[in-house]
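Let me begin by presenting the structure, written as structure tokens, before commenting on it.
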Amino acid sequence: MSEEVKKFKVTIDGQTTEVLPGTSILEAARQIGGKSVPPAMCYYSKLETSGGRCRTCLVEVSKGSEADPRPMPKLVASCRTGVMDGMEVKNLTSEKAQEGRKAVTEFLLVNHPLDCPVCDQAGECHLQDLGYEHGNLETRTEFERNTYDADDIGPYIKLNMNRCILCARCVLAANQLTEKREHGILYRGDHAEISTMLNKALDNDFIGNVIDVCPVGALTDRTARFASRVWFTKPYNATCTCTKCSGKAVLWMKGDEVVRVTARKDQYGEVEDWICNECRFEKKDTALWNIEGPRHIDRHSVISLNHYEKKTDSYNVLDNPEAKEIGVADEKEINKLDSETI
Ligand code: SF4
Ligand code: FES
């Protein structure tokens with residue numbers, strides 16, 4: 001007879017849920033859902049060993065556990081910190097965590113150019129969202145930014161190293177999805193950069209997925225660069241009879257034209273099903289696809305403001321019914337905090 005594993009109770013911004021031991025605070029927050037979920041620039045649930053590199057997911061642990069209720073002395077990276085039974089965590093409700101995130105955002109922007117007006121990722125960029133929520137009006141740095149020339153790293157992919165935040169998602173994706181990784185992080189510290197092996201080009205069958213996992217505009221699709229601002233396009237769910245991948249993709253259309261093909265992403269911007277290069281780069285003709293209907297883009301970015309679909313319920317902090325059942329939160333208080341913070 002299998003023994004039932006005792007779940008841990010964890011409370012995040014006053015909302016309680018139960019999770020299996022070994023779950024990270026970030027995953028527990030995602031189980032609760034809503035705005036108390038910390039942002040994540042390097043963690044990617046579908047990529048093993050991701051996380052722990054960017055610190056955007058910092059939270060305050062105000063109670064360590066039932067057994068040892070002392071608070072944790074410093075902010076912790078929620079993607080790499082496991083929950084304990086009785087743990088209490090503050091994200092939106094913690095001034096310290098918000099200050100910490102502000103500092104991390106400033107740090108990530110030290111070398112990142114403010115080129116959103118010409119960047120293909122604008123409108124669906126996690127760093128742009130963070131900058132909007134936590135960024136300073138002016139930089140405090142006086143030294144020159146690191147600059148690199150944009151590089152074609154294969155027939156389909158453009159690397160703009162100036163925008164890279166060294167989250168390593170693309171390296172992990174290449175390692176875990178393709179037969180042979182041909183790029184990685186070279187050098188150390190502020191000299192570190194993404195680069196291919198000498199004279200190599202990224203052209204493995206599933207390598208196009210590095211574009212989707214890149215949280216910023218450092219890796220872009222050469223077949224769609226500068227074709228349109230994302231908010232002028234309309235995303236549609238489409239399928240095809242591909243034998244290499246699931247064939248489930250999103251077509252970004254401008255009129256009848258397929259401007260770009262991407263994988264489908266969930267509400268945290270993570271790919272649901274990886275797609276192959278052929279579907280992504282070579283099927284720009286609607287005749288090759290079975291179009292299912294408009295795709296709901298479940299992020300609070302500019303794309304969701306497009307009027308290609310009817311607006312559904314407004315965002316609710318407590319949008320997981322299970323969390324409501326066990327919840328100890330004062331919903332009014334959280335909603336008030338929420339509107340003040342964002
Ligand atoms: S290129 Fe993109 S995915 Fe790769 S390390 Fe840089 S920011 Fe991360
Ligand atoms: S998402 Fe946790 S450190 Fe990057």
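Identifiers in the structure tokens: chain A, B, ... in order shown; residue index from 1 per chain; ligand index from 1 in order shown.
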(message) Using only C-alpha atoms, which protein or nucleic acid residues come within 10 Å of Ala40 of chain A? Drop anything in the same chain fewer than 4 positions from it, and give the result as a list in words.
(response) Leu26, Tyr44, Gly51, Gly52, Arg53, Cys54, Arg55, Thr56, Cys57, Leu58, Ala77, Ser78, Cys79, His126, Leu127, Pro215, Tyr268 and Gly269 of chain A
Next, dump the selected residues to file, keeping only C-alpha atoms, as a PDB file, in the first residue's frame.
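And here is the file that came out, out-v2.pdb:
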```pdb
ATOM      1  CA  LEU A  26       7.665  30.115  -6.914  1.00  0.00           C
ATOM      2  CA  TYR A  44      11.716  27.970 -16.708  1.00  0.00           C
ATOM      3  CA  GLY A  51      16.715  29.446 -12.135  1.00  0.00           C
ATOM      4  CA  GLY A  52      18.930  31.091  -9.538  1.00  0.00           C
ATOM      5  CA  ARG A  53      20.625  33.466 -11.967  1.00  0.00           C
ATOM      6  CA  CYS A  54      18.602  36.658 -12.240  1.00  0.00           C
ATOM      7  CA  ARG A  55      17.091  37.271  -8.762  1.00  0.00           C
ATOM      8  CA  THR A  56      13.918  38.880 -10.102  1.00  0.00           C
ATOM      9  CA  CYS A  57      11.878  36.330  -8.142  1.00  0.00           C
ATOM     10  CA  LEU A  58      13.058  37.578  -4.716  1.00  0.00           C
ATOM     11  CA  ALA A  77      15.170  33.553  -4.719  1.00  0.00           C
ATOM     12  CA  SER A  78      11.741  31.933  -4.739  1.00  0.00           C
ATOM     13  CA  CYS A  79      12.553  29.723  -7.747  1.00  0.00           C
ATOM     14  CA  HIS A 126       9.677  40.395 -19.433  1.00  0.00           C
ATOM     15  CA  LEU A 127      12.385  42.983 -18.779  1.00  0.00           C
ATOM     16  CA  PRO A 215      13.031  36.586 -21.914  1.00  0.00           C
ATOM     17  CA  TYR A 268       3.899  32.610 -17.354  1.00  0.00           C
ATOM     18  CA  GLY A 269       5.292  32.935 -20.867  1.00  0.00           C
TER      19      GLY A 269
END
```
(request) Determine which residues of segment 40-218 of chain A DSSP labels as strand (DSSP E) from the backbone of this structure, then write them out as a PyMOL selection string. (result) chain A and resi 58-63+76-77+87-90+151-152+157-159+183-186+193-196
(message) Which residues are close to Ile194 of chain A, i.e. within 12 Å by only C-alpha atoms, leaving aside same-chain residues fewer than 2 positions away? Reply as JSON, numbers by chain.
(response) {"A": [148, 150, 151, 153, 158, 159, 160, 161, 162, 163, 164, 165, 166, 167, 168, 169, 170, 171, 182, 183, 184, 185, 186, 187, 188, 190, 191, 192, 196, 197, 214, 218, 219]}
For those residues, write N, CA and C atoms to a file as a short mmCIF file (atom, residue, chain, number, x, y, z; two decimals), in the first residue's frame.
```cif
data_model
loop_
_atom_site.label_atom_id
_atom_site.label_comp_id
_atom_site.auth_asym_id
_atom_site.auth_seq_id
_atom_site.Cartn_x
_atom_site.Cartn_y
_atom_site.Cartn_z
N TYR A 148 28.15 45.18 -28.13
CA TYR A 148 28.57 44.12 -29.05
C TYR A 148 27.86 44.35 -30.38
N ALA A 150 25.58 43.06 -33.43
CA ALA A 150 24.58 41.99 -33.61
C ALA A 150 25.17 40.93 -34.54
N ASP A 151 24.82 39.68 -34.28
CA ASP A 151 25.48 38.58 -34.98
C ASP A 151 24.43 37.58 -35.50
N ILE A 153 23.65 34.05 -35.85
CA ILE A 153 24.24 32.81 -35.33
C ILE A 153 23.52 31.60 -35.92
N LYS A 158 19.14 35.61 -34.92
CA LYS A 158 20.01 36.78 -34.75
C LYS A 158 20.29 36.95 -33.26
N LEU A 159 21.55 37.12 -32.92
CA LEU A 159 21.91 37.38 -31.52
C LEU A 159 22.26 38.85 -31.37
N ASN A 160 21.56 39.50 -30.46
CA ASN A 160 21.89 40.87 -30.11
C ASN A 160 22.35 40.85 -28.66
N MET A 161 23.66 40.64 -28.49
CA MET A 161 24.22 40.40 -27.16
C MET A 161 24.03 41.58 -26.21
N ASN A 162 23.86 42.79 -26.79
CA ASN A 162 23.64 43.96 -25.93
C ASN A 162 22.43 43.78 -25.03
N ARG A 163 21.46 42.99 -25.51
CA ARG A 163 20.21 42.86 -24.76
C ARG A 163 20.19 41.65 -23.82
N CYS A 164 21.21 40.82 -23.91
CA CYS A 164 21.21 39.55 -23.17
C CYS A 164 21.36 39.80 -21.67
N ILE A 165 20.61 39.08 -20.84
CA ILE A 165 20.75 39.23 -19.39
C ILE A 165 21.42 37.98 -18.79
N LEU A 166 21.97 37.13 -19.64
CA LEU A 166 22.70 35.94 -19.21
C LEU A 166 21.88 35.03 -18.30
N CYS A 167 20.64 34.82 -18.69
CA CYS A 167 19.78 33.95 -17.88
C CYS A 167 20.08 32.48 -18.14
N ALA A 168 20.76 32.18 -19.25
CA ALA A 168 21.17 30.81 -19.62
C ALA A 168 20.02 29.91 -20.09
N ARG A 169 18.84 30.46 -20.24
CA ARG A 169 17.74 29.61 -20.71
C ARG A 169 18.04 29.02 -22.09
N CYS A 170 18.63 29.85 -22.99
CA CYS A 170 18.87 29.36 -24.35
C CYS A 170 19.90 28.24 -24.35
N VAL A 171 20.86 28.32 -23.42
CA VAL A 171 21.89 27.28 -23.35
C VAL A 171 21.25 25.97 -22.86
N GLU A 182 25.55 24.03 -29.72
CA GLU A 182 26.67 24.67 -30.40
C GLU A 182 26.92 26.09 -29.91
N HIS A 183 26.30 26.44 -28.78
CA HIS A 183 26.59 27.75 -28.22
C HIS A 183 26.58 27.66 -26.69
N GLY A 184 27.10 28.68 -26.07
CA GLY A 184 27.15 28.66 -24.61
C GLY A 184 27.57 30.02 -24.08
N ILE A 185 27.86 30.08 -22.77
CA ILE A 185 28.31 31.34 -22.17
C ILE A 185 29.83 31.31 -22.09
N LEU A 186 30.47 32.25 -22.74
CA LEU A 186 31.93 32.35 -22.70
C LEU A 186 32.34 33.40 -21.67
N TYR A 187 33.50 33.23 -21.11
CA TYR A 187 34.12 34.18 -20.18
C TYR A 187 33.34 34.29 -18.85
N ARG A 188 33.77 35.21 -18.02
CA ARG A 188 33.23 35.32 -16.66
C ARG A 188 32.85 36.77 -16.34
N ASP A 190 31.51 40.40 -15.83
CA ASP A 190 30.87 41.29 -16.80
C ASP A 190 31.46 41.15 -18.20
N HIS A 191 32.40 40.19 -18.37
CA HIS A 191 32.87 39.88 -19.73
C HIS A 191 32.06 38.72 -20.33
N ALA A 192 31.22 38.10 -19.50
CA ALA A 192 30.50 36.91 -19.97
C ALA A 192 29.60 37.26 -21.15
N THR A 196 28.65 31.34 -30.12
CA THR A 196 28.70 30.00 -30.71
C THR A 196 30.13 29.50 -30.66
N MET A 197 30.30 28.18 -30.82
CA MET A 197 31.64 27.62 -30.96
C MET A 197 32.20 28.19 -32.26
N CYS A 214 14.00 32.94 -24.66
CA CYS A 214 14.75 34.16 -24.33
C CYS A 214 13.78 35.21 -23.77
N ALA A 218 17.24 39.38 -27.05
CA ALA A 218 18.61 39.04 -27.45
C ALA A 218 18.64 38.03 -28.59
N LEU A 219 17.67 37.14 -28.64
CA LEU A 219 17.61 36.17 -29.72
C LEU A 219 16.31 36.40 -30.49
#
```
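Interatomic distance, atom 3 (S, counted along the ligand's line) of ligand 2 to atom CA of Arg145 of chain A: 22.9 Å.
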Close residues, Glu292 of chain A itself excluded, 9 Å, only C-alpha atoms, min 3 positions apart in chain, as an mmCIF file with N, CA and C atoms, in the first residue's frame:
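What follows is the written file selection.cif:
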```
data_model
loop_
_atom_site.group_PDB
_atom_site.id
_atom_site.type_symbol
_atom_site.label_atom_id
_atom_site.label_comp_id
_atom_site.auth_asym_id
_atom_site.auth_seq_id
_atom_site.Cartn_x
_atom_site.Cartn_y
_atom_site.Cartn_z
ATOM 1 N N TYR A 236 -3.188 33.635 -33.631
ATOM 2 C CA TYR A 236 -4.200 32.586 -33.819
ATOM 3 C C TYR A 236 -3.607 31.222 -33.476
ATOM 4 N N ASN A 237 -4.375 30.383 -32.799
ATOM 5 C CA ASN A 237 -3.973 28.988 -32.596
ATOM 6 C C ASN A 237 -4.084 28.272 -33.930
ATOM 7 N N ALA A 238 -3.052 27.510 -34.272
ATOM 8 C CA ALA A 238 -3.118 26.764 -35.529
ATOM 9 C C ALA A 238 -2.401 25.433 -35.358
ATOM 10 N N THR A 239 -2.810 24.453 -36.141
ATOM 11 C CA THR A 239 -2.146 23.148 -36.102
ATOM 12 C C THR A 239 -1.768 22.734 -37.516
ATOM 13 N N ARG A 295 -5.916 33.302 -30.319
ATOM 14 C CA ARG A 295 -5.148 32.794 -29.180
ATOM 15 C C ARG A 295 -5.222 33.809 -28.049
#
```
(request) May I ask which of the residues A:Ser50, A:Asn209, A:Thr220, A:Thr11 is the closest one to ligand 2, counting only C-alpha atoms and all ligand atoms? (result) A:Ser50
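Comparing A:Gly100, A:Pro39, A:Gly123, A:Gly208 by their smallest distance to ligand 1, the closest is A:Gly208 (using only C-alpha atoms and all ligand atoms).
With only C-alpha atoms and all ligand atoms as the atoms that count, the residue of A:Glu48, A:Asp212, A:Glu3, A:Glu144 with the shortest distance to ligand 1 is A:Asp212.
We find atom CA of Tyr156 of chain A and atom CA of Pro117 of chain A to be spaced 22.3 Å apart.
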(message) Please determine, counting only C-alpha atoms, which residue among A:Ala174, A:Met72, A:Ala67, A:Val59 has the shortest atom-to-atom distance to Ala97 of chain A.
(response) A:Val59
(request) Looking only at alpha helix (DSSP H) from DSSP on the backbone, list the matching residues of segment 4-180 of chain A as a PyMOL selection string. (result) chain A and resi 25-32+95-108+126-134+169-177
(request) Would you kindly return, as an NGL selection string, each protein, DNA or RNA residue with an atom no farther than 10 Å from any atom of Leu20 of chain A, considering only C-alpha atoms and excluding same-chain residues fewer than 2 positions away? (result) :A and (5-9 or 18 or 22-24 or 28 or 83-85)
Output C-alpha atoms of each residue in that selection to a file, as a PDB file, in the first residue's frame.
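Output contents, as saved in selection-v9.pdb:
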```
ATOM      1  CA  VAL A   5       2.806  12.006   1.311  1.00  0.00           C
ATOM      2  CA  LYS A   6       2.039  14.733   3.819  1.00  0.00           C
ATOM      3  CA  LYS A   7       1.641  18.030   2.036  1.00  0.00           C
ATOM      4  CA  PHE A   8       3.161  21.280   3.277  1.00  0.00           C
ATOM      5  CA  LYS A   9       0.973  24.259   3.985  1.00  0.00           C
ATOM      6  CA  GLU A  18      -0.876  22.941   0.118  1.00  0.00           C
ATOM      7  CA  GLY A  22      10.268  19.752  -2.547  1.00  0.00           C
ATOM      8  CA  THR A  23       8.071  22.346  -4.263  1.00  0.00           C
ATOM      9  CA  SER A  24       9.723  25.743  -4.656  1.00  0.00           C
ATOM     10  CA  ALA A  28       3.637  27.174  -4.836  1.00  0.00           C
ATOM     11  CA  VAL A  83       8.765  25.472   0.919  1.00  0.00           C
ATOM     12  CA  MET A  84       8.571  24.226   4.522  1.00  0.00           C
ATOM     13  CA  ASP A  85       5.417  23.265   6.348  1.00  0.00           C
TER      14      ASP A  85
END
```
(message) Just checking: using only C-alpha atoms and all ligand atoms, which residue out of A:Ile25, A:Cys42, A:Ile32, A:Ile12 ends up closest to ligand 2?
(response) A:Cys42
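Straight-line separation from atom CA of Val110 of chain A to atom CA of Asp221 of chain A: 25.1 Å.
Shortest atom-to-atom contact with Leu137 of chain A among A:Leu109, A:Cys125, A:Cys119, A:Ile297: A:Leu109, counting only C-alpha atoms.
Neighbouring residues of Glu133 of chain A at 10 Å or closer, counting only C-alpha atoms and skipping chain neighbours under 2 positions away, are Gln98, Arg101, Lys102, Thr105, Leu127, Gln128, Asp129, Leu130, Gly131, Gly135, Asn136, Thr341 and Ile342 of chain A.
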Tell me, as a short mmCIF file (atom, residue, chain, number, x, y, z; two decimals) with C-alpha atoms, in the first residue's frame, which residues lie within 9 Å of Glu270 of chain A, counting only C-alpha atoms; anything in the same chain fewer than 2 positions away does not count.
```cif
data_model
loop_
_atom_site.label_atom_id
_atom_site.label_comp_id
_atom_site.auth_asym_id
_atom_site.auth_seq_id
_atom_site.Cartn_x
_atom_site.Cartn_y
_atom_site.Cartn_z
CA TYR A 44 11.72 27.97 -16.71
CA SER A 45 9.74 25.03 -15.37
CA LYS A 46 10.32 22.98 -18.54
CA ASP A 212 10.89 31.57 -27.42
CA VAL A 213 12.68 30.96 -24.11
CA ARG A 264 2.16 28.32 -27.68
CA LYS A 265 2.98 29.81 -24.32
CA ASP A 266 1.21 29.55 -20.97
CA GLN A 267 0.30 32.39 -18.63
CA TYR A 268 3.90 32.61 -17.35
CA GLU A 272 3.58 24.51 -23.82
#
```
